[in-house]
file work.cif (mmCIF, N, CA and C atoms)
data_data
loop_
_atom_site.label_atom_id
_atom_site.label_comp_id
_atom_site.auth_asym_id
_atom_site.auth_seq_id
_atom_site.Cartn_x
_atom_site.Cartn_y
_atom_site.Cartn_z
N MET R 1 89.62 107.67 20.15
CA MET R 1 88.70 108.67 20.65
C MET R 1 89.09 110.03 20.08
N ASP R 2 88.14 110.69 19.43
CA ASP R 2 88.40 112.01 18.87
C ASP R 2 88.48 113.04 19.98
N SER R 3 89.40 113.99 19.82
CA SER R 3 89.57 115.07 20.80
C SER R 3 89.46 116.41 20.12
N TYR R 4 89.05 117.40 20.89
CA TYR R 4 88.91 118.76 20.36
C TYR R 4 89.27 119.74 21.47
N ILE R 5 89.92 120.84 21.11
CA ILE R 5 90.31 121.86 22.08
C ILE R 5 89.42 123.08 21.90
N ILE R 6 88.85 123.54 23.01
CA ILE R 6 88.08 124.78 23.01
C ILE R 6 88.87 125.82 23.79
N GLN R 7 89.27 126.87 23.12
CA GLN R 7 89.98 127.98 23.77
C GLN R 7 88.94 128.95 24.31
N ILE R 8 88.83 129.06 25.62
CA ILE R 8 87.88 129.97 26.24
C ILE R 8 88.46 131.39 26.24
N GLN R 9 87.62 132.35 25.89
CA GLN R 9 88.02 133.75 25.98
C GLN R 9 87.61 134.26 27.37
N PRO R 10 88.35 135.21 27.93
CA PRO R 10 88.05 135.68 29.29
C PRO R 10 86.60 136.13 29.49
N ARG R 11 85.98 136.67 28.47
CA ARG R 11 84.62 137.21 28.62
C ARG R 11 83.53 136.23 28.19
N ASP R 12 83.89 135.01 27.79
CA ASP R 12 82.89 134.02 27.38
C ASP R 12 81.97 133.67 28.53
N GLU R 13 80.69 133.64 28.24
CA GLU R 13 79.68 133.24 29.22
C GLU R 13 79.57 131.72 29.21
N ILE R 14 79.04 131.16 30.28
CA ILE R 14 78.91 129.71 30.41
C ILE R 14 78.03 129.13 29.30
N THR R 15 77.01 129.86 28.87
CA THR R 15 76.13 129.35 27.81
C THR R 15 76.89 129.18 26.49
N VAL R 16 77.82 130.07 26.21
CA VAL R 16 78.62 129.97 24.99
C VAL R 16 79.52 128.74 25.04
N ILE R 17 80.11 128.50 26.20
CA ILE R 17 81.01 127.37 26.37
C ILE R 17 80.25 126.05 26.25
N ILE R 18 79.11 125.96 26.89
CA ILE R 18 78.31 124.74 26.81
C ILE R 18 77.83 124.51 25.38
N ASP R 19 77.47 125.57 24.68
CA ASP R 19 77.07 125.45 23.28
C ASP R 19 78.21 124.89 22.43
N LYS R 20 79.43 125.32 22.70
CA LYS R 20 80.59 124.80 21.96
C LYS R 20 80.79 123.31 22.24
N ILE R 21 80.59 122.90 23.49
CA ILE R 21 80.73 121.48 23.85
C ILE R 21 79.65 120.66 23.13
N ILE R 22 78.43 121.16 23.13
CA ILE R 22 77.32 120.46 22.48
C ILE R 22 77.58 120.29 20.99
N ASN R 23 78.15 121.31 20.36
CA ASN R 23 78.27 121.32 18.90
C ASN R 23 79.53 120.67 18.35
N THR R 24 80.38 120.14 19.20
CA THR R 24 81.53 119.40 18.68
C THR R 24 81.19 117.92 18.63
N LEU R 25 81.71 117.25 17.62
CA LEU R 25 81.47 115.81 17.48
C LEU R 25 82.45 114.98 18.29
N ALA R 26 83.48 115.61 18.82
CA ALA R 26 84.52 114.88 19.55
C ALA R 26 83.98 114.29 20.85
N ASP R 27 84.52 113.13 21.23
CA ASP R 27 84.14 112.48 22.48
C ASP R 27 84.90 113.05 23.67
N ARG R 28 86.07 113.60 23.40
CA ARG R 28 86.90 114.20 24.46
C ARG R 28 87.11 115.66 24.11
N VAL R 29 86.79 116.54 25.07
CA VAL R 29 86.88 117.98 24.84
C VAL R 29 87.78 118.59 25.91
N TYR R 30 88.83 119.28 25.45
CA TYR R 30 89.71 120.01 26.35
C TYR R 30 89.27 121.46 26.36
N ILE R 31 88.99 122.01 27.54
CA ILE R 31 88.60 123.41 27.67
C ILE R 31 89.77 124.17 28.28
N VAL R 32 90.39 125.05 27.51
CA VAL R 32 91.53 125.84 28.00
C VAL R 32 90.97 127.11 28.62
N VAL R 33 91.12 127.23 29.95
CA VAL R 33 90.54 128.33 30.70
C VAL R 33 91.62 129.32 31.12
N PRO R 34 91.54 130.58 30.65
CA PRO R 34 92.52 131.58 31.08
C PRO R 34 92.29 131.99 32.54
N ASP R 35 93.32 132.53 33.15
CA ASP R 35 93.25 132.92 34.57
C ASP R 35 92.10 133.88 34.88
N ASN R 36 91.85 134.82 34.01
CA ASN R 36 90.85 135.86 34.28
C ASN R 36 89.49 135.56 33.65
N SER R 37 89.18 134.31 33.44
CA SER R 37 87.94 133.90 32.79
C SER R 37 86.73 134.10 33.71
N ARG R 38 85.61 134.48 33.09
CA ARG R 38 84.36 134.63 33.86
C ARG R 38 83.90 133.31 34.47
N ILE R 39 84.10 132.21 33.77
CA ILE R 39 83.60 130.94 34.30
C ILE R 39 84.37 130.50 35.53
N ALA R 40 85.58 131.05 35.73
CA ALA R 40 86.39 130.67 36.89
C ALA R 40 85.94 131.36 38.17
N GLN R 41 84.90 132.16 38.10
CA GLN R 41 84.43 132.89 39.27
C GLN R 41 83.49 132.08 40.13
N SER R 42 82.97 130.96 39.63
CA SER R 42 81.99 130.19 40.39
C SER R 42 82.09 128.70 40.08
N ALA R 43 81.97 127.89 41.13
CA ALA R 43 81.96 126.44 40.96
C ALA R 43 80.72 125.98 40.21
N LEU R 44 79.65 126.77 40.28
CA LEU R 44 78.41 126.43 39.58
C LEU R 44 78.65 126.28 38.08
N ASN R 45 79.50 127.12 37.51
CA ASN R 45 79.80 127.02 36.08
C ASN R 45 80.41 125.67 35.73
N PHE R 46 81.32 125.20 36.55
CA PHE R 46 81.97 123.91 36.29
C PHE R 46 80.99 122.76 36.52
N ARG R 47 80.08 122.90 37.48
CA ARG R 47 79.06 121.87 37.69
C ARG R 47 78.12 121.78 36.48
N LEU R 48 77.80 122.94 35.89
CA LEU R 48 76.96 122.94 34.69
C LEU R 48 77.67 122.26 33.52
N ILE R 49 78.96 122.52 33.38
CA ILE R 49 79.74 121.87 32.33
C ILE R 49 79.76 120.37 32.55
N LYS R 50 79.95 119.95 33.80
CA LYS R 50 79.97 118.52 34.14
C LYS R 50 78.63 117.87 33.81
N ARG R 51 77.54 118.51 34.19
CA ARG R 51 76.20 117.95 33.95
C ARG R 51 75.94 117.80 32.45
N GLU R 52 76.24 118.83 31.69
CA GLU R 52 76.00 118.78 30.24
C GLU R 52 76.90 117.75 29.56
N SER R 53 78.15 117.67 29.97
CA SER R 53 79.06 116.70 29.35
C SER R 53 78.62 115.27 29.63
N GLU R 54 78.15 115.01 30.84
CA GLU R 54 77.65 113.68 31.16
C GLU R 54 76.40 113.35 30.35
N ALA R 55 75.51 114.32 30.19
CA ALA R 55 74.30 114.10 29.41
C ALA R 55 74.62 113.80 27.95
N LEU R 56 75.71 114.38 27.45
CA LEU R 56 76.13 114.17 26.06
C LEU R 56 77.04 112.95 25.90
N GLY R 57 77.50 112.38 27.01
CA GLY R 57 78.43 111.26 26.94
C GLY R 57 79.82 111.68 26.52
N LYS R 58 80.22 112.91 26.86
CA LYS R 58 81.53 113.42 26.47
C LYS R 58 82.42 113.56 27.69
N GLU R 59 83.70 113.36 27.46
CA GLU R 59 84.70 113.54 28.51
C GLU R 59 85.26 114.96 28.37
N VAL R 60 85.12 115.76 29.43
CA VAL R 60 85.62 117.13 29.40
C VAL R 60 86.78 117.26 30.37
N ILE R 61 87.88 117.83 29.87
CA ILE R 61 89.07 118.05 30.68
C ILE R 61 89.35 119.55 30.70
N VAL R 62 89.45 120.11 31.90
CA VAL R 62 89.75 121.53 32.05
C VAL R 62 91.26 121.70 32.06
N VAL R 63 91.75 122.62 31.23
CA VAL R 63 93.18 122.87 31.13
C VAL R 63 93.45 124.29 31.63
N SER R 64 94.26 124.39 32.69
CA SER R 64 94.59 125.70 33.24
C SER R 64 95.83 125.60 34.11
N SER R 65 96.57 126.69 34.15
CA SER R 65 97.72 126.76 35.05
C SER R 65 97.33 127.41 36.38
N ASN R 66 96.10 127.90 36.49
CA ASN R 66 95.61 128.58 37.68
C ASN R 66 95.11 127.56 38.70
N VAL R 67 95.65 127.61 39.90
CA VAL R 67 95.29 126.65 40.95
C VAL R 67 93.83 126.78 41.36
N GLN R 68 93.30 127.99 41.38
CA GLN R 68 91.89 128.19 41.74
C GLN R 68 90.97 127.55 40.71
N VAL R 69 91.27 127.73 39.44
CA VAL R 69 90.47 127.12 38.37
C VAL R 69 90.53 125.60 38.50
N GLN R 70 91.72 125.06 38.71
CA GLN R 70 91.88 123.61 38.86
C GLN R 70 91.05 123.09 40.03
N SER R 71 91.09 123.81 41.16
CA SER R 71 90.36 123.39 42.35
C SER R 71 88.85 123.38 42.11
N LEU R 72 88.33 124.44 41.50
CA LEU R 72 86.89 124.50 41.21
C LEU R 72 86.47 123.37 40.27
N ALA R 73 87.27 123.10 39.26
CA ALA R 73 86.95 122.03 38.32
C ALA R 73 86.98 120.66 39.00
N LEU R 74 88.00 120.42 39.81
CA LEU R 74 88.10 119.13 40.52
C LEU R 74 86.93 118.93 41.48
N LYS R 75 86.56 119.98 42.20
CA LYS R 75 85.43 119.89 43.14
C LYS R 75 84.12 119.58 42.42
N SER R 76 84.05 119.96 41.17
CA SER R 76 82.85 119.72 40.37
C SER R 76 82.87 118.36 39.68
N GLY R 77 83.96 117.62 39.85
CA GLY R 77 84.05 116.29 39.27
C GLY R 77 84.64 116.24 37.88
N LEU R 78 85.24 117.34 37.43
CA LEU R 78 85.88 117.36 36.11
C LEU R 78 87.35 116.99 36.23
N GLN R 79 87.90 116.47 35.15
CA GLN R 79 89.33 116.18 35.10
C GLN R 79 90.07 117.49 34.84
N VAL R 80 91.31 117.55 35.31
CA VAL R 80 92.12 118.75 35.16
C VAL R 80 93.46 118.39 34.56
N HIS R 81 93.96 119.26 33.69
CA HIS R 81 95.27 119.09 33.06
C HIS R 81 96.01 120.41 33.22
N MET R 82 97.28 120.33 33.60
CA MET R 82 98.10 121.54 33.70
C MET R 82 98.35 122.08 32.31
N GLU R 83 98.30 123.39 32.17
CA GLU R 83 98.60 124.02 30.88
C GLU R 83 100.11 124.07 30.71
N THR R 84 100.59 123.48 29.64
CA THR R 84 102.02 123.46 29.36
C THR R 84 102.25 123.94 27.94
N GLU R 85 103.47 124.28 27.62
CA GLU R 85 103.80 124.70 26.26
C GLU R 85 103.51 123.57 25.26
N GLU R 86 103.79 122.33 25.67
CA GLU R 86 103.54 121.20 24.78
C GLU R 86 102.05 121.09 24.47
N PHE R 87 101.22 121.31 25.49
CA PHE R 87 99.78 121.22 25.27
C PHE R 87 99.32 122.34 24.34
N LYS R 88 99.79 123.56 24.59
CA LYS R 88 99.39 124.70 23.76
C LYS R 88 99.74 124.46 22.30
N GLN R 89 100.87 123.82 22.04
CA GLN R 89 101.31 123.57 20.68
C GLN R 89 100.77 122.26 20.13
N GLY R 90 100.12 121.47 20.96
CA GLY R 90 99.58 120.19 20.51
C GLY R 90 100.66 119.16 20.26
N THR R 91 101.81 119.29 20.95
CA THR R 91 102.92 118.38 20.70
C THR R 91 103.25 117.52 21.91
N GLY R 92 102.33 117.44 22.87
CA GLY R 92 102.59 116.65 24.06
C GLY R 92 102.71 115.17 23.74
N HIS R 93 103.14 114.39 24.70
CA HIS R 93 103.31 112.95 24.50
C HIS R 93 102.00 112.25 24.84
N TYR R 94 101.43 111.55 23.88
CA TYR R 94 100.18 110.83 24.06
C TYR R 94 100.39 109.39 23.64
N GLU R 95 99.56 108.50 24.18
CA GLU R 95 99.73 107.08 23.90
C GLU R 95 99.50 106.74 22.43
N SER R 96 98.59 107.44 21.79
CA SER R 96 98.36 107.21 20.37
C SER R 96 98.01 108.54 19.71
N HIS R 97 98.05 108.55 18.38
CA HIS R 97 97.72 109.75 17.64
C HIS R 97 96.28 110.19 17.91
N GLU R 98 95.38 109.21 18.09
CA GLU R 98 93.97 109.53 18.34
C GLU R 98 93.76 110.23 19.66
N ASP R 99 94.64 110.00 20.65
CA ASP R 99 94.49 110.62 21.96
C ASP R 99 94.95 112.07 21.98
N ARG R 100 95.74 112.46 20.98
CA ARG R 100 96.26 113.81 20.94
C ARG R 100 95.15 114.79 20.57
N PRO R 101 95.01 115.90 21.29
CA PRO R 101 93.97 116.87 20.97
C PRO R 101 94.18 117.46 19.58
N ALA R 102 93.10 117.74 18.91
CA ALA R 102 93.18 118.37 17.59
C ALA R 102 93.51 119.85 17.76
N ARG R 103 94.40 120.34 16.93
CA ARG R 103 94.62 121.78 16.87
C ARG R 103 93.58 122.36 15.94
N LEU R 104 93.33 123.64 16.04
CA LEU R 104 92.32 124.24 15.19
C LEU R 104 92.62 124.04 13.72
N SER R 105 93.90 123.98 13.36
CA SER R 105 94.25 123.76 11.96
C SER R 105 93.91 122.34 11.50
N ASP R 106 93.68 121.43 12.44
CA ASP R 106 93.33 120.06 12.11
C ASP R 106 91.82 119.83 12.06
N VAL R 107 91.06 120.88 12.17
CA VAL R 107 89.61 120.75 12.29
C VAL R 107 88.92 121.49 11.16
N PHE R 108 87.91 120.85 10.61
CA PHE R 108 87.08 121.44 9.57
C PHE R 108 85.77 121.85 10.22
N ILE R 109 85.32 123.07 10.02
CA ILE R 109 84.06 123.53 10.59
C ILE R 109 82.97 123.34 9.54
N ALA R 110 81.95 122.59 9.90
CA ALA R 110 80.83 122.34 8.99
C ALA R 110 79.56 122.92 9.58
N SER R 111 78.69 123.43 8.73
CA SER R 111 77.43 124.00 9.22
C SER R 111 76.41 122.90 9.45
N ARG R 112 75.61 123.09 10.46
CA ARG R 112 74.52 122.21 10.81
C ARG R 112 73.22 122.96 10.56
N PRO R 113 72.08 122.27 10.46
CA PRO R 113 70.81 122.99 10.37
C PRO R 113 70.66 123.91 11.59
N ALA R 114 69.83 124.90 11.48
CA ALA R 114 69.59 125.88 12.54
C ALA R 114 70.82 126.74 12.79
N ARG R 115 71.66 126.88 11.78
CA ARG R 115 72.83 127.77 11.81
C ARG R 115 73.83 127.46 12.92
N LYS R 116 73.86 126.25 13.38
CA LYS R 116 74.87 125.84 14.36
C LYS R 116 76.06 125.30 13.62
N GLN R 117 77.23 125.38 14.24
CA GLN R 117 78.42 124.84 13.63
C GLN R 117 78.92 123.67 14.44
N ILE R 118 79.51 122.72 13.74
CA ILE R 118 80.11 121.57 14.41
C ILE R 118 81.54 121.44 13.92
N ALA R 119 82.37 120.83 14.73
CA ALA R 119 83.76 120.61 14.34
C ALA R 119 83.95 119.16 13.96
N ILE R 120 84.54 118.94 12.79
CA ILE R 120 84.79 117.58 12.31
C ILE R 120 86.29 117.47 12.03
N PRO R 121 86.98 116.53 12.69
CA PRO R 121 88.41 116.36 12.39
C PRO R 121 88.59 116.06 10.91
N LYS R 122 89.59 116.69 10.30
CA LYS R 122 89.83 116.53 8.86
C LYS R 122 90.05 115.07 8.47
N ASN R 123 90.65 114.28 9.38
CA ASN R 123 90.91 112.88 9.03
C ASN R 123 89.62 112.05 9.00
N LYS R 124 88.50 112.61 9.43
CA LYS R 124 87.21 111.89 9.41
C LYS R 124 86.39 112.24 8.18
N ILE R 125 86.86 113.20 7.38
CA ILE R 125 86.14 113.60 6.19
C ILE R 125 86.61 112.77 5.01
N LYS R 126 85.69 112.11 4.33
CA LYS R 126 86.05 111.29 3.17
C LYS R 126 86.02 112.18 1.92
N ALA R 127 87.04 112.04 1.13
CA ALA R 127 87.12 112.82 -0.10
C ALA R 127 86.08 112.31 -1.10
N GLU R 128 85.40 113.25 -1.72
CA GLU R 128 84.41 112.87 -2.73
C GLU R 128 85.14 112.50 -4.00
N GLU R 129 84.70 111.43 -4.62
CA GLU R 129 85.38 110.95 -5.83
C GLU R 129 84.62 111.34 -7.07
#

call {"tool": "encode", "arguments": {"input": "work.cif", "output": "C-alpha cells"}}
result
Amino acid sequence: MDSYIIQIQPRDEITVIIDKIINTLADRVYIVVPDNSRIAQSALNFRLIKRESEALGKEVIVVSSNVQVQSLALKSGLQVHMETEEFKQGTGHYESHEDRPARLSDVFIASRPARKQIAIPKNKIKAEE
C-alpha cells in the first residue's frame, strides 16, 4: 500500500487539505497537524476529511502530539498516530517497506490536466528506455 505524508501548515484551510488528499495517488495518507492548526478548531473539519477519504477509498491517519487534535480526529472516525521523532524523519519501524510513509524527497510531483498536481512515489515511475 502506497503512503504519502501531508504536512499541514497552521493557516491551511480545510479545502486546501482535502484537495491535497484528492490529488495524491497514495492509498494511505498521513496528515501531520500542528498544534495551532486552523483545522483543529472544529470537529466538522475532521468529519469532512473522513467523508472525502471514504469517498475516495483512501485511509487517512491524523498525526499529532496534541491531545485535543487526537480527540477530535478519533470522534470523527479517523485513525490517530502520535507524532514522534521517528515519524518526522520517516525512520519508524514498519512491517514492510511499502507501509512506511514516503518522505517528500521520495515523491515525484507530476502535473495533471486542469493544473492540478499529483504525487507519485519515485519507485512507481518506470524509466523510459

call {"tool": "residues_near_point", "arguments": {"input": "work.cif", "point": "(87.6, 123.0, 26.4)", "cutoff": "9 Å", "atoms": "only C-alpha atoms", "output": "PyMOL selection string"}}
result
chain R and resi 4-8+17+20-21+29-33+60-63

call {"tool": "atom_distance", "arguments": {"input": "work.cif", "atom1": "atom N of Asp27 of chain R", "atom2": "atom N of Ala55 of chain R"}}
result
12.8 Å

call {"tool": "resolve_selection", "arguments": {"input": "work.cif", "expression": "the PyMOL selection byres ((chain R and resi 72) around 8)", "output": "mmCIF file with N, CA and C atoms, keeping the file's coordinate frame"}}
result
data_model
loop_
_atom_site.group_PDB
_atom_site.id
_atom_site.type_symbol
_atom_site.label_atom_id
_atom_site.label_comp_id
_atom_site.auth_asym_id
_atom_site.auth_seq_id
_atom_site.Cartn_x
_atom_site.Cartn_y
_atom_site.Cartn_z
ATOM 1 N N ALA R 40 85.580 131.050 35.730
ATOM 2 C CA ALA R 40 86.390 130.670 36.890
ATOM 3 C C ALA R 40 85.940 131.360 38.170
ATOM 4 N N SER R 42 82.970 130.960 39.630
ATOM 5 C CA SER R 42 81.990 130.190 40.390
ATOM 6 C C SER R 42 82.090 128.700 40.080
ATOM 7 N N ALA R 43 81.970 127.890 41.130
ATOM 8 C CA ALA R 43 81.960 126.440 40.960
ATOM 9 C C ALA R 43 80.720 125.980 40.210
ATOM 10 N N LEU R 44 79.650 126.770 40.280
ATOM 11 C CA LEU R 44 78.410 126.430 39.580
ATOM 12 C C LEU R 44 78.650 126.280 38.080
ATOM 13 N N ASN R 45 79.500 127.120 37.510
ATOM 14 C CA ASN R 45 79.800 127.020 36.080
ATOM 15 C C ASN R 45 80.410 125.670 35.730
ATOM 16 N N PHE R 46 81.320 125.200 36.550
ATOM 17 C CA PHE R 46 81.970 123.910 36.290
ATOM 18 C C PHE R 46 80.990 122.760 36.520
ATOM 19 N N ARG R 47 80.080 122.900 37.480
ATOM 20 C CA ARG R 47 79.060 121.870 37.690
ATOM 21 C C ARG R 47 78.120 121.780 36.480
ATOM 22 N N ASN R 66 96.100 127.900 36.490
ATOM 23 C CA ASN R 66 95.610 128.580 37.680
ATOM 24 C C ASN R 66 95.110 127.560 38.700
ATOM 25 N N VAL R 67 95.650 127.610 39.900
ATOM 26 C CA VAL R 67 95.290 126.650 40.950
ATOM 27 C C VAL R 67 93.830 126.780 41.360
ATOM 28 N N GLN R 68 93.300 127.990 41.380
ATOM 29 C CA GLN R 68 91.890 128.190 41.740
ATOM 30 C C GLN R 68 90.970 127.550 40.710
ATOM 31 N N VAL R 69 91.270 127.730 39.440
ATOM 32 C CA VAL R 69 90.470 127.120 38.370
ATOM 33 C C VAL R 69 90.530 125.600 38.500
ATOM 34 N N GLN R 70 91.720 125.060 38.710
ATOM 35 C CA GLN R 70 91.880 123.610 38.860
ATOM 36 C C GLN R 70 91.050 123.090 40.030
ATOM 37 N N SER R 71 91.090 123.810 41.160
ATOM 38 C CA SER R 71 90.360 123.390 42.350
ATOM 39 C C SER R 71 88.850 123.380 42.110
ATOM 40 N N ALA R 73 87.270 123.100 39.260
ATOM 41 C CA ALA R 73 86.950 122.030 38.320
ATOM 42 C C ALA R 73 86.980 120.660 39.000
ATOM 43 N N LEU R 74 88.000 120.420 39.810
ATOM 44 C CA LEU R 74 88.100 119.130 40.520
ATOM 45 C C LEU R 74 86.930 118.930 41.480
ATOM 46 N N LYS R 75 86.560 119.980 42.200
ATOM 47 C CA LYS R 75 85.430 119.890 43.140
ATOM 48 C C LYS R 75 84.120 119.580 42.420
ATOM 49 N N SER R 76 84.050 119.960 41.170
ATOM 50 C CA SER R 76 82.850 119.720 40.370
ATOM 51 C C SER R 76 82.870 118.360 39.680
ATOM 52 N N GLY R 77 83.960 117.620 39.850
ATOM 53 C CA GLY R 77 84.050 116.290 39.270
ATOM 54 C C GLY R 77 84.640 116.240 37.880
ATOM 55 N N LEU R 78 85.240 117.340 37.430
ATOM 56 C CA LEU R 78 85.880 117.360 36.110
ATOM 57 C C LEU R 78 87.350 116.990 36.230
#

call {"tool": "atom_distance", "arguments": {"input": "work.cif", "atom1": "atom N of Arg51 of chain R", "atom2": "atom CA of Ile22 of chain R"}}
result
11.9 Å

call {"tool": "atom_distance", "arguments": {"input": "work.cif", "atom1": "atom C of Pro34 of chain R", "atom2": "atom N of Lys58 of chain R"}}
result
23.3 Å

call {"tool": "closest_residue", "arguments": {"input": "work.cif", "among": "R:Gln41, R:Glu59, R:Lys50, R:Ser64", "to": "Ala26 of chain R", "atoms": "all atoms listed in the file"}}
result
R:Glu59

call {"tool": "resolve_selection", "arguments": {"input": "work.cif", "expression": "the PyMOL selection byres ((chain R and resi 10) around 6)", "output": "list in words"}}
result
Ile8, Gln9, Arg11, Asp12, Asn36, Ser37 and Arg38 of chain R

call {"tool": "closest_residue", "arguments": {"input": "work.cif", "among": "R:Glu13, R:Gln79, R:Ile49, R:Leu56", "to": "Leu25 of chain R", "atoms": "only C-alpha atoms"}}
result
R:Leu56

call {"tool": "closest_residue", "arguments": {"input": "work.cif", "among": "R:Met82, R:Ile39, R:Leu48, R:Ile18", "to": "Ser65 of chain R", "atoms": "only N, CA and C atoms"}}
result
R:Met82
